[in-house]
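**Q** Take a look at this one; I'll ask things after.
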Amino acid sequence: MRLDVNKTIQWMQLTNEKMQANKDYLTTLDQPIGDGDHGINMARGFQEVASKLNESTYTNVSDVLKDVAMTLMSKVGGASGPLFGTAFLKLSTKLKGEESVKQDIFGTALTEAVNGLKQRGKAEEGEKTMVDMWAPIAQLFLEDSNVTADTLLSTADSALTKIKEMTATKGRAAYFKDKTVGHQDPGAASTYLIFEALAEVWKGDSER
Amino acid sequence: MRLDVNKTIQWMQLTNEKMQANKDYLTTLDQPIGDGDHGINMARGFQEVASKLNESTYTNVSDVLKDVAMTLMSKVGGASGPLFGTAFLKLSTKLKGEESVKQDIFGTALTEAVNGLKQRGKAEEGEKTMVDMWAPIAQLFLEDSNVTADTLLSTADSALTKIKEMTATKGRAAYFKDKTVGHQDPGAASTYLIFEALAEVWKGDSER
Amino acid sequence: MKKIINDPNEVVQDMVQGLVAAYPTKLKVVPDTLVIARQDAPVQGKVGLVSGGGSGHEPAHAGYIGKGMLDCAVAGEVFTSPTPDQVLEGIKAADGGEGVFLVIKNYTGDVLNFEMAAELAEAEGIQVEKVIVNDDVAVEDSSFTTGRRGIAGTVLVHKIAGAMAENGASLQEVKRVAEKVVANIRSMGMALTSGTVPAAGKPSFQLEENEMEIGIGIHGEPGIERKPIASADDIATELVERIMNDMEIPKESEVAVMINGLGATPEMELFIVNQKVQSILKDRGIYVFQTFVGEFMTSLEMAGCSVTLLKLDDELKSLLGAPSEAPAFRI
Amino acid sequence: MKKIINDPNEVVQDMVQGLVAAYPTKLKVVPDTLVIARQDAPVQGKVGLVSGGGSGHEPAHAGYIGKGMLDCAVAGEVFTSPTPDQVLEGIKAADGGEGVFLVIKNYTGDVLNFEMAAELAEAEGIQVEKVIVNDDVAVEDSSFTTGRRGIAGTVLVHKIAGAMAENGASLQEVKRVAEKVVANIRSMGMALTSGTVPAAGKPSFQLEENEMEIGIGIHGEPGIERKPIASADDIATELVERIMNDMEIPKESEVAVMINGLGATPEMELFIVNQKVQSILKDRGIYVFQTFVGEFMTSLEMAGCSVTLLKLDDELKSLLGAPSEAPAFRI
Ligand SMILES: Nc1ncnc2c1ncn2[C@@H]1O[C@H](COP(=O)(O)OP(=O)(O)O)[C@@H](O)[C@H]1O
Ligand SMILES: Nc1ncnc2c1ncn2[C@@H]1O[C@H](COP(=O)(O)OP(=O)(O)O)[C@@H](O)[C@H]1O
Ligand SMILES: [Mg+2]
Ligand SMILES: [Mg+2]
Ligand SMILES: [Mg+2]
Ligand SMILES: [Mg+2]
């Protein structure tokens, strides 16, 4: 896969569609172990991302991702807004100057995003947050020289399975302690949708 | 019937028993067309009357009724407290000096009580209040030279039947307007208990 | 019934203790009564101001005790007016030699008990005057019936009469200004849910999940109409229009606005109602001199609100804006 | 859902309009934002004080804007912390050249958004300091987790830091005193019912008819225990004891007490709780310098209350007693 301006925009538009379709699902995940707003927050944020990307023209991937970052930052709120904002800002920064992003540099950028996330949210891996979805995917891109849409999806799937069984120690879910075991983390589930969208854009690409 | 100190005390003690036994019933009457406190108010008030009469000794009827009046006045509250207080105060004043109250003077005293009630509460007959129970009973004692326990009860019964069909235009029930038709007035019902107690004391008397 | 209480029959006693414990330098209880007074009452040379009524309407009335407002408040049982002997204690505690003024909400029980107390006080040589507040336009104004109820507008009577008394006015002057407020104040309320009297243990009335009642009284007395819940804008419009149909408020008038929560309604919703009320007044060319948003005259944990409008002249404006140290009405 | 609102997605906008319409001479909105500020903000030569967070906790935080307290409050969506750009607008509106101090409740969302805003402000040359309030003893205090939540005690941080800033203190001095408050303040709450987020349309959680939850957070976060409703005295005792187990308050200490209603609880019940809290403190030989009873940090229409104790020294006492013109906290 190579990520150019168009692909990046497609990726984000498809992510928005997924967030709208899964708005209630994400909110439902956030009810038993949170405050029941994650779907509302993500749907509001990516709706604005979609509009922003529609009304602008871009010449490089970094600029697209910067607008994504800034829009999420200023429209999502809560814990997830600044976190997704930070992640996309790191991607944008790292991919500056890249016209068509290759897998290895994408892996480095994702690793930067994970570091940014960790620093911002002070969460490590294993604390049942979105970090536990971003981190294994970044690792995949760094370590596997031949990532495919399918390996991406299967990595995300297995992360999701693991996260569900973790105990939350960061974010609002931490107040629910042991009761979080067996519940899916809403931020991990929305991160999954982002990478599912990437995989699907990528697949559409290879099918063509 | 002749009302002496002992009879008067018996009358009030029996009234208290009736108020305690009918506490919930009176409150239930006050719910659909009032604020649901009449039974609570009357039970509290006559409980105090009973204690007061128990702990004191009396040499005349007027003093008994004065203590009844003052106790009701200071323990009932709401609309009915000052009204019952006024009625008993008028009885007490009119019966001053009477050692053993005869029927005609009791009729005059009841008429004074009705006048006091009307002046205090600014209600006329026909407005669906306790006045509509006190007034026909006062009239009975004034006009019928040979009142018996049974004529007293039947007068009270027929008053109750009429009051139920009236429309309230005074007191809290007035806000419920036409909806009061078909509901019994709580203050009339508690006044009924007072005269029912009198009739029963009287009957016990004639049976002896 | 879900309540944070001890014995349901002792809620008023417990509350009064807790109130005075909260403001020990400002308030005191008259021993063996449910009468709460300014610490420095009676204030010599000042007309004393007394109000009160059934409990369950907090902060009414004890929260309005303080320099610039009430001298005493007499607390009855929940929703039951206090007895004349209690009111008499309040009058005595407020009497600083210049007479005592009673602010009474127009309910049969309140009127009777306060009037009897006034007679008792006069028999003891205390001069007493009164005003009967009847601001609730939900009820027909007829001299043949009980007449209109006193609701949230009562608080502004306390405020203005209190400022007048604090200025050293005579009993008659306090009465004049209180009557002016009553002549120029109108309120109307609405509810979404009922409160529960602690000793009764169950809600006073029932409204369906999608129902509201327009014109309800502060003890749950029936209002004008039960109907499906409308938007905040429609509710505000209906309340204001019913008030303005009852009392003309010409263009360029100045008014005070009170948006009062009945107990369980979040302040957020009161501000949403206020937003519409202000815009209606603006559209009609009416100036708002001062706005009060909060819980002033509640009905236990009833959800709902009332709107009060008071037409002002220069005298009322200056008295309304005068300082008040009452815990629930600091100006 | 029974609410007096218009569009459930616009409640915060409507509320902010209604709030500023209520106090037009005291408050203003920063155009195109949900940032509310003192009319005279930025006050030149004074450290600016900014707080905020998700809405639904009214009067927190906009009710605490005024001389002697906050300069700005930033309102997020209901229960959702505001975004960094909004907070940045608040910081700019408060900046009178001496730096801006942020009072943040300890929730991941609030901390992240306010910190990012602080970075953005610093990039624009505005000096920013902050304090993170975590007074809720219901949560374990562990540096490995999210840590304790900020609840009603936050209001006293506003008050004391605000008085300090109003006195002309430097940014570092404001920070020092705010940290002193945070070190000496503890709270704990309990609930009988849940509130309903307007956009969600149904209650956040369910409690049985006879159940209460001890230690609940102001967004309905789980507390310590669900159990049958106890008496007001037992509830007060449990809350105070948990606070005093966490923070030693020696005999002869002086404290401030706050009894905070969560939204639907009548003031009557808060005073009943206060009665017991005061008597426990008295029994332990602790002096109460000042008591605050009312709704300070609500959770929509949640029924319940919280108790806050703040250990005072002379500096904190004089700052707590200093004047405040904030609509919801007049001193
Ligand atoms: N400290 C943290 N580090 C990383 N991710 C976090 C952290 N705290 C929360 N999250 C993520 O944010 C999600 C919750 O987001 P959201 O519901 O939008 O915000 P809030 O919790 O403020 O309501 C969680 O499911 C989790 O994945
Ligand atoms: N103006 C009045 N004149 C005579 N009786 C009245 C008047 N107003 C009310 N009552 C009586 O008082 C009764 C209600 O008493 P109660 O429930 O104790 O007081 P409240 O209405 O203050 O709650 C009514 O049923 C009626 O009989
Ligand atoms: Mg959430
Ligand atoms: Mg009644
Ligand atoms: Mg009553
Ligand atoms: Mg949230």
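Identifiers in the structure tokens: chain A, B, ... in order shown; residue index from 1 per chain; ligand index from 1 in order shown.
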Would you write out, as a tab-separated table, a table of all residues in chain D that have an atom no more than 8 Å from an atom of chain A, listing for each the closest atom pair and the distance in Å to one decimal, considering only C-alpha atoms and ordering rows by chain and rising residue number?

**A**
```
residue	atom	partner	partner_atom	distance
D:Gly76	CA	A:Gly77	CA	7.6
D:Phe79	CA	A:Asp35	CA	7.8
D:Thr80	CA	A:Gly78	CA	4.9
D:Ser81	CA	A:Gly78	CA	4.6
D:Pro82	CA	A:Gly77	CA	5.3
D:Thr83	CA	A:Gly77	CA	4.7
D:Pro84	CA	A:Ser74	CA	6.4
D:Asp85	CA	A:Ser74	CA	5.9
D:Gln86	CA	A:Ser74	CA	7.7
D:Tyr107	CA	A:Arg172	CA	7.2
D:Thr108	CA	A:Gly171	CA	5.4
D:Gly109	CA	A:Ala79	CA	3.6
D:Asp110	CA	A:Gly78	CA	6.8
D:Leu112	CA	A:Pro82	CA	6.4
D:Asn113	CA	A:Pro82	CA	6.2
D:Met116	CA	A:Pro82	CA	7.7
D:Val139	CA	A:Tyr175	CA	7.3
D:Phe144	CA	A:Thr169	CA	7.4
D:Thr145	CA	A:Thr169	CA	5.0
D:Thr146	CA	A:Lys170	CA	5.1
D:Ala200	CA	A:Gly36	CA	7.8
D:Ser204	CA	A:Asp35	CA	7.4
D:His219	CA	A:Asp35	CA	7.0
D:Gly220	CA	A:Asp35	CA	7.7
D:Glu221	CA	A:Tyr175	CA	6.7
D:Pro222	CA	A:Phe176	CA	6.3
```

**Q** Please identify all residues of chain D having at least one atom at most 7 Å from any atom of chain C, considering only C-alpha atoms, and return them as a PyMOL selection string.

**A** chain D and resi 2+4-6+14-15+17-19+21-22+56+58-59+192+231-233+263-269+271-272+274-275+278+291+300-301+330

**Q** Those same residues, written as a short mmCIF file (atom, residue, chain, number, x, y, z; two decimals), in the first residue's frame with N, CA and C atoms?

**A**
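Result file is part15.cif:
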```cif
data_model
loop_
_atom_site.label_atom_id
_atom_site.label_comp_id
_atom_site.auth_asym_id
_atom_site.auth_seq_id
_atom_site.Cartn_x
_atom_site.Cartn_y
_atom_site.Cartn_z
N LYS D 2 -38.03 13.68 31.29
CA LYS D 2 -38.86 14.88 31.51
C LYS D 2 -37.94 16.07 31.76
N ILE D 4 -37.22 20.46 30.78
CA ILE D 4 -37.68 21.72 30.19
C ILE D 4 -36.56 22.23 29.30
N ILE D 5 -36.53 21.73 28.08
CA ILE D 5 -35.46 22.10 27.16
C ILE D 5 -36.05 22.27 25.76
N ASN D 6 -35.21 22.76 24.85
CA ASN D 6 -35.61 22.78 23.44
C ASN D 6 -34.92 21.60 22.78
N ASP D 14 -28.13 27.07 24.58
CA ASP D 14 -29.30 27.78 25.11
C ASP D 14 -29.05 28.24 26.54
N MET D 15 -28.44 27.37 27.32
CA MET D 15 -28.17 27.72 28.72
C MET D 15 -27.24 28.92 28.81
N GLN D 17 -26.73 31.29 26.70
CA GLN D 17 -27.46 32.51 26.32
C GLN D 17 -28.32 33.00 27.48
N GLY D 18 -29.04 32.06 28.09
CA GLY D 18 -29.94 32.42 29.19
C GLY D 18 -29.20 32.92 30.41
N LEU D 19 -28.01 32.39 30.61
CA LEU D 19 -27.18 32.79 31.76
C LEU D 19 -26.71 34.23 31.59
N ALA D 21 -27.99 36.42 29.66
CA ALA D 21 -29.16 37.30 29.65
C ALA D 21 -29.63 37.61 31.08
N ALA D 22 -29.36 36.70 32.00
CA ALA D 22 -29.77 36.93 33.40
C ALA D 22 -28.86 37.95 34.08
N GLY D 56 -23.73 20.59 32.98
CA GLY D 56 -24.59 19.71 33.76
C GLY D 56 -24.29 19.77 35.25
N GLU D 58 -24.21 22.83 36.93
CA GLU D 58 -24.54 24.20 37.28
C GLU D 58 -24.95 24.30 38.76
N PRO D 59 -24.57 25.39 39.47
CA PRO D 59 -23.96 26.61 38.94
C PRO D 59 -22.49 26.50 38.56
N LEU D 192 -29.27 9.03 45.44
CA LEU D 192 -30.48 8.22 45.53
C LEU D 192 -31.04 7.90 44.15
N SER D 231 -30.59 6.38 57.26
CA SER D 231 -31.10 7.67 57.75
C SER D 231 -30.11 8.77 57.40
N ALA D 232 -30.60 10.01 57.43
CA ALA D 232 -29.72 11.16 57.15
C ALA D 232 -28.55 11.16 58.12
N ASP D 233 -28.79 10.84 59.37
CA ASP D 233 -27.71 10.84 60.36
C ASP D 233 -26.65 9.80 60.01
N GLY D 263 -28.71 18.08 42.84
CA GLY D 263 -29.64 18.57 41.83
C GLY D 263 -31.10 18.47 42.23
N ALA D 264 -31.53 17.30 42.67
CA ALA D 264 -32.96 17.12 42.95
C ALA D 264 -33.26 17.04 44.44
N THR D 265 -32.24 17.16 45.25
CA THR D 265 -32.47 17.02 46.69
C THR D 265 -32.90 18.35 47.30
N PRO D 266 -34.07 18.35 47.99
CA PRO D 266 -34.55 19.60 48.60
C PRO D 266 -33.56 20.14 49.63
N GLU D 267 -33.53 21.45 49.74
CA GLU D 267 -32.66 22.11 50.71
C GLU D 267 -32.95 21.62 52.12
N MET D 268 -34.22 21.31 52.38
CA MET D 268 -34.60 20.75 53.68
C MET D 268 -33.69 19.58 54.05
N GLU D 269 -33.46 18.68 53.11
CA GLU D 269 -32.66 17.49 53.40
C GLU D 269 -31.19 17.85 53.60
N PHE D 271 -30.11 20.57 54.95
CA PHE D 271 -29.98 21.11 56.30
C PHE D 271 -30.03 19.99 57.34
N ILE D 272 -30.82 18.96 57.05
CA ILE D 272 -30.88 17.83 57.99
C ILE D 272 -29.51 17.13 58.04
N ASN D 274 -26.71 18.63 57.36
CA ASN D 274 -25.80 19.58 58.01
C ASN D 274 -25.87 19.49 59.53
N GLN D 275 -27.09 19.33 60.02
CA GLN D 275 -27.31 19.22 61.47
C GLN D 275 -26.41 18.13 62.06
N GLN D 278 -22.49 18.92 61.66
CA GLN D 278 -22.04 19.90 62.66
C GLN D 278 -21.90 19.24 64.03
N THR D 291 -19.91 27.63 57.04
CA THR D 291 -20.67 26.53 56.46
C THR D 291 -21.36 27.01 55.19
N LEU D 300 -26.80 17.24 36.98
CA LEU D 300 -28.14 17.33 36.38
C LEU D 300 -29.18 17.20 37.48
N GLU D 301 -30.16 16.30 37.35
CA GLU D 301 -31.20 16.19 38.38
C GLU D 301 -30.97 14.96 39.25
N ARG D 330 -22.07 34.64 46.59
CA ARG D 330 -21.91 36.00 47.10
C ARG D 330 -21.39 35.97 48.53
#
```

**Q** So that I can check the surroundings of Met164 (chain D), please list as a CSV table (one decimal) with N, CA, C and O atoms, in the first residue's frame every protein, DNA and RNA residue that reaches within 12 Å of it, counting only C-alpha atoms and ignoring chain neighbours fewer than 3 positions away.

**A**
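Full text of selection-v2.csv as output:
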```csv
chain,number,residue,atom,x,y,z
D,46,LYS,N,-4.0,41.8,36.9
D,46,LYS,CA,-4.5,40.7,37.8
D,46,LYS,C,-4.2,39.4,37.2
D,46,LYS,O,-4.4,39.2,35.9
D,47,VAL,N,-3.8,38.4,37.9
D,47,VAL,CA,-3.8,37.0,37.4
D,47,VAL,C,-5.2,36.6,37.0
D,47,VAL,O,-6.1,36.8,37.8
D,48,GLY,N,-5.3,36.0,35.8
D,48,GLY,CA,-6.7,35.6,35.4
D,48,GLY,C,-7.0,34.2,35.9
D,48,GLY,O,-6.1,33.3,35.9
D,49,LEU,N,-8.2,33.9,36.3
D,49,LEU,CA,-8.6,32.6,36.8
D,49,LEU,C,-9.6,32.0,35.9
D,49,LEU,O,-10.6,32.6,35.6
D,67,LYS,N,-16.0,39.3,40.4
D,67,LYS,CA,-14.9,39.9,41.2
D,67,LYS,C,-14.7,39.0,42.4
D,67,LYS,O,-15.6,38.7,43.1
D,68,GLY,N,-13.5,38.6,42.6
D,68,GLY,CA,-13.2,37.7,43.8
D,68,GLY,C,-13.2,36.2,43.5
D,68,GLY,O,-12.8,35.4,44.4
D,69,MET,N,-13.6,35.8,42.3
D,69,MET,CA,-13.6,34.4,42.0
D,69,MET,C,-13.1,34.2,40.6
D,69,MET,O,-12.0,34.7,40.3
D,70,LEU,N,-13.8,33.6,39.7
D,70,LEU,CA,-13.3,33.3,38.4
D,70,LEU,C,-13.3,34.5,37.4
D,70,LEU,O,-14.3,35.3,37.5
D,101,PHE,N,-4.3,31.4,35.6
D,101,PHE,CA,-4.3,30.2,36.4
D,101,PHE,C,-5.5,29.3,36.1
D,101,PHE,O,-6.6,29.8,36.1
D,157,VAL,N,-11.8,26.0,45.9
D,157,VAL,CA,-10.5,26.3,45.3
D,157,VAL,C,-10.7,27.6,44.5
D,157,VAL,O,-9.9,28.5,44.5
D,158,HIS,N,-11.8,27.7,43.7
D,158,HIS,CA,-12.2,28.9,43.0
D,158,HIS,C,-12.2,30.1,43.9
D,158,HIS,O,-11.7,31.1,43.6
D,159,LYS,N,-12.9,29.9,45.0
D,159,LYS,CA,-13.1,31.0,46.0
D,159,LYS,C,-11.8,31.5,46.5
D,159,LYS,O,-11.5,32.7,46.5
D,160,ILE,N,-10.9,30.6,47.0
D,160,ILE,CA,-9.7,31.0,47.6
D,160,ILE,C,-8.6,31.5,46.7
D,160,ILE,O,-8.0,32.6,46.9
D,161,ALA,N,-8.5,30.8,45.6
D,161,ALA,CA,-7.5,31.3,44.5
D,161,ALA,C,-8.0,32.6,44.0
D,161,ALA,O,-7.2,33.5,43.7
D,167,ASN,N,-6.5,40.0,45.2
D,167,ASN,CA,-5.6,40.8,46.1
D,167,ASN,C,-4.3,41.2,45.4
D,167,ASN,O,-3.5,41.9,46.0
D,168,GLY,N,-4.2,40.8,44.1
D,168,GLY,CA,-3.0,41.2,43.4
D,168,GLY,C,-1.8,40.3,43.5
D,168,GLY,O,-0.7,40.6,43.2
D,169,ALA,N,-2.0,39.1,44.0
D,169,ALA,CA,-1.0,38.1,44.1
D,169,ALA,C,-0.4,37.7,42.7
D,169,ALA,O,-1.1,37.8,41.7
D,170,SER,N,0.8,37.2,42.7
D,170,SER,CA,1.4,36.7,41.5
D,170,SER,C,0.9,35.4,41.1
D,170,SER,O,0.3,34.7,42.0
D,171,LEU,N,1.2,35.0,39.9
D,171,LEU,CA,0.8,33.6,39.4
D,171,LEU,C,1.3,32.5,40.4
D,171,LEU,O,0.5,31.6,40.7
D,172,GLN,N,2.5,32.7,40.8
D,172,GLN,CA,3.1,31.6,41.7
D,172,GLN,C,2.4,31.6,43.0
D,172,GLN,O,2.2,30.6,43.6
D,173,GLU,N,2.1,32.8,43.5
D,173,GLU,CA,1.4,32.9,44.8
D,173,GLU,C,0.0,32.3,44.7
D,173,GLU,O,-0.5,31.6,45.6
D,174,VAL,N,-0.7,32.5,43.6
D,174,VAL,CA,-2.0,32.0,43.4
D,174,VAL,C,-1.9,30.4,43.4
D,174,VAL,O,-2.7,29.7,44.0
D,175,LYS,N,-0.9,30.0,42.7
D,175,LYS,CA,-0.7,28.5,42.6
D,175,LYS,C,-0.4,27.9,44.0
D,175,LYS,O,-1.0,26.9,44.3
D,176,ARG,N,0.4,28.6,44.7
D,176,ARG,CA,0.8,28.1,46.1
D,176,ARG,C,-0.5,27.9,46.9
D,176,ARG,O,-0.7,26.9,47.6
D,177,VAL,N,-1.3,28.9,46.9
D,177,VAL,CA,-2.5,28.9,47.8
D,177,VAL,C,-3.5,27.9,47.3
D,177,VAL,O,-4.2,27.2,48.1
D,178,ALA,N,-3.6,27.8,46.0
D,178,ALA,CA,-4.6,26.8,45.4
D,178,ALA,C,-4.1,25.4,45.8
D,178,ALA,O,-4.9,24.5,46.1
D,181,VAL,N,-5.0,24.6,49.3
D,181,VAL,CA,-6.4,24.2,49.4
D,181,VAL,C,-6.6,22.7,49.0
D,181,VAL,O,-7.2,21.9,49.7
D,315,GLU,N,-4.4,32.1,56.7
D,315,GLU,CA,-4.4,32.6,55.4
D,315,GLU,C,-5.6,32.2,54.6
D,315,GLU,O,-6.3,33.0,54.0
D,316,LEU,N,-5.9,30.9,54.7
D,316,LEU,CA,-7.1,30.4,54.0
D,316,LEU,C,-8.4,31.0,54.6
D,316,LEU,O,-9.3,31.3,53.8
D,317,LYS,N,-8.5,31.2,55.9
D,317,LYS,CA,-9.6,31.8,56.5
D,317,LYS,C,-9.9,33.2,55.9
D,317,LYS,O,-11.0,33.6,55.6
D,318,SER,N,-8.8,34.0,55.8
D,318,SER,CA,-9.1,35.4,55.4
D,318,SER,C,-9.4,35.4,53.9
D,318,SER,O,-10.2,36.2,53.5
D,319,LEU,N,-8.9,34.4,53.1
D,319,LEU,CA,-9.2,34.4,51.7
D,319,LEU,C,-10.6,33.9,51.5
D,319,LEU,O,-11.4,34.3,50.6
D,320,LEU,N,-11.0,32.9,52.3
D,320,LEU,CA,-12.4,32.3,52.2
D,320,LEU,C,-13.4,33.4,52.5
D,320,LEU,O,-14.5,33.5,51.9
D,321,GLY,N,-13.1,34.2,53.5
D,321,GLY,CA,-14.1,35.2,53.9
D,321,GLY,C,-14.1,36.5,53.1
D,321,GLY,O,-14.9,37.4,53.3
D,322,ALA,N,-13.1,36.6,52.2
D,322,ALA,CA,-13.0,37.8,51.3
D,322,ALA,C,-14.3,38.0,50.4
D,322,ALA,O,-14.9,37.0,50.1
D,323,PRO,N,-14.6,39.2,50.0
D,323,PRO,CA,-15.8,39.4,49.2
D,323,PRO,C,-15.7,38.7,47.9
D,323,PRO,O,-14.7,38.4,47.3
D,324,SER,N,-16.9,38.2,47.4
D,324,SER,CA,-17.0,37.6,46.1
D,324,SER,C,-18.3,38.2,45.5
D,324,SER,O,-19.4,38.2,46.2
```

**Q** Would you work out the distance separating CA of Gly215 (chain D) from atom 13 (C, counted along the ligand's line) of ligand 1, expressed in Å to one decimal?

**A**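 CA of Gly215 (chain D) sits 22.6 Å away from atom 13 (C, counted along the ligand's line) of ligand 1.
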
**Q** Need to verify the contact set: Thr57 (chain B), 12 Å, only C-alpha atoms, exclusion of same-chain residues closer than 5 positions in sequence. Can you return it as JSON, numbers by chain?

**A** {"B": [5, 6, 9, 51, 52, 63, 64, 67]}

**Q** Let's have the selection written as a PDB file, in the first residue's frame, with C-alpha atoms.

**A**
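again-v1.pdb written:
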```pdb
ATOM      1  CA  VAL B   5     -67.760  18.281  83.262  1.00  0.00           C
ATOM      2  CA  ASN B   6     -67.438  14.510  83.132  1.00  0.00           C
ATOM      3  CA  ILE B   9     -64.456  15.111  79.026  1.00  0.00           C
ATOM      4  CA  SER B  51     -53.392  14.440  77.121  1.00  0.00           C
ATOM      5  CA  LYS B  52     -54.280  17.946  78.241  1.00  0.00           C
ATOM      6  CA  ASP B  63     -62.925  25.448  81.243  1.00  0.00           C
ATOM      7  CA  VAL B  64     -62.783  22.027  79.602  1.00  0.00           C
ATOM      8  CA  ASP B  67     -58.540  23.964  76.941  1.00  0.00           C
TER       9      ASP B  67
END
```

**Q** When DSSP is applied to the backbone of this structure, which of region 205-290 of chain D are assigned helix (DSSP H, G or I)? Write them out as number ranges by chain.

**A** D: 232-246, 267-283

**Q** Write the selection just made, keeping N, CA and C atoms, as a compact mmCIF listing (two decimals), in the first residue's frame?

**A**
```
# COMPACT_ATOMS: atom_id res chain seq x y z
N ALA D 232 -30.60 10.01 57.43
CA ALA D 232 -29.72 11.16 57.15
C ALA D 232 -28.55 11.16 58.12
N ASP D 233 -28.79 10.84 59.37
CA ASP D 233 -27.71 10.84 60.36
C ASP D 233 -26.65 9.80 60.01
N ASP D 234 -27.10 8.60 59.61
CA ASP D 234 -26.13 7.57 59.25
C ASP D 234 -25.35 7.93 57.99
N ILE D 235 -26.05 8.53 57.05
CA ILE D 235 -25.37 8.94 55.81
C ILE D 235 -24.32 9.99 56.12
N ALA D 236 -24.72 11.00 56.90
CA ALA D 236 -23.79 12.07 57.26
C ALA D 236 -22.58 11.48 57.99
N THR D 237 -22.85 10.56 58.89
CA THR D 237 -21.76 9.95 59.66
C THR D 237 -20.80 9.21 58.73
N GLU D 238 -21.35 8.42 57.82
CA GLU D 238 -20.47 7.67 56.92
C GLU D 238 -19.61 8.60 56.06
N LEU D 239 -20.23 9.65 55.51
CA LEU D 239 -19.47 10.56 54.65
C LEU D 239 -18.35 11.25 55.44
N VAL D 240 -18.70 11.75 56.62
CA VAL D 240 -17.70 12.46 57.42
C VAL D 240 -16.59 11.51 57.86
N GLU D 241 -16.96 10.31 58.26
CA GLU D 241 -15.92 9.39 58.74
C GLU D 241 -14.96 8.99 57.64
N ARG D 242 -15.50 8.77 56.45
CA ARG D 242 -14.59 8.40 55.35
C ARG D 242 -13.64 9.54 55.03
N ILE D 243 -14.15 10.76 55.13
CA ILE D 243 -13.28 11.93 54.89
C ILE D 243 -12.21 12.00 55.98
N MET D 244 -12.61 11.81 57.23
CA MET D 244 -11.67 11.99 58.34
C MET D 244 -10.71 10.79 58.44
N ASN D 245 -11.08 9.66 57.90
CA ASN D 245 -10.12 8.55 57.83
C ASN D 245 -9.02 8.86 56.83
N ASP D 246 -9.37 9.68 55.86
CA ASP D 246 -8.41 9.97 54.80
C ASP D 246 -7.51 11.14 55.18
N GLU D 267 -33.53 21.45 49.74
CA GLU D 267 -32.66 22.11 50.71
C GLU D 267 -32.95 21.62 52.12
N MET D 268 -34.22 21.31 52.38
CA MET D 268 -34.60 20.75 53.68
C MET D 268 -33.69 19.58 54.05
N GLU D 269 -33.46 18.68 53.11
CA GLU D 269 -32.66 17.49 53.40
C GLU D 269 -31.19 17.85 53.60
N LEU D 270 -30.72 18.85 52.86
CA LEU D 270 -29.33 19.27 53.04
C LEU D 270 -29.12 19.83 54.45
N PHE D 271 -30.11 20.57 54.95
CA PHE D 271 -29.98 21.11 56.30
C PHE D 271 -30.03 19.99 57.34
N ILE D 272 -30.82 18.96 57.05
CA ILE D 272 -30.88 17.83 57.99
C ILE D 272 -29.51 17.13 58.04
N VAL D 273 -28.89 16.98 56.89
CA VAL D 273 -27.53 16.42 56.86
C VAL D 273 -26.56 17.33 57.61
N ASN D 274 -26.71 18.63 57.36
CA ASN D 274 -25.80 19.58 58.01
C ASN D 274 -25.87 19.49 59.53
N GLN D 275 -27.09 19.33 60.02
CA GLN D 275 -27.31 19.22 61.47
C GLN D 275 -26.41 18.13 62.06
N LYS D 276 -26.36 16.98 61.39
CA LYS D 276 -25.56 15.87 61.91
C LYS D 276 -24.06 16.13 61.72
N VAL D 277 -23.70 16.66 60.57
CA VAL D 277 -22.28 16.93 60.31
C VAL D 277 -21.73 17.88 61.37
N GLN D 278 -22.49 18.92 61.66
CA GLN D 278 -22.04 19.90 62.66
C GLN D 278 -21.90 19.24 64.03
N SER D 279 -22.83 18.34 64.35
CA SER D 279 -22.76 17.77 65.69
C SER D 279 -21.59 16.78 65.80
N ILE D 280 -21.28 16.08 64.70
CA ILE D 280 -20.10 15.20 64.73
C ILE D 280 -18.83 16.03 64.95
N LEU D 281 -18.73 17.13 64.20
CA LEU D 281 -17.53 17.96 64.31
C LEU D 281 -17.40 18.53 65.72
N LYS D 282 -18.52 18.96 66.25
CA LYS D 282 -18.51 19.50 67.60
C LYS D 282 -18.02 18.44 68.59
N ASP D 283 -18.57 17.23 68.45
CA ASP D 283 -18.17 16.14 69.35
C ASP D 283 -16.67 15.87 69.26
```
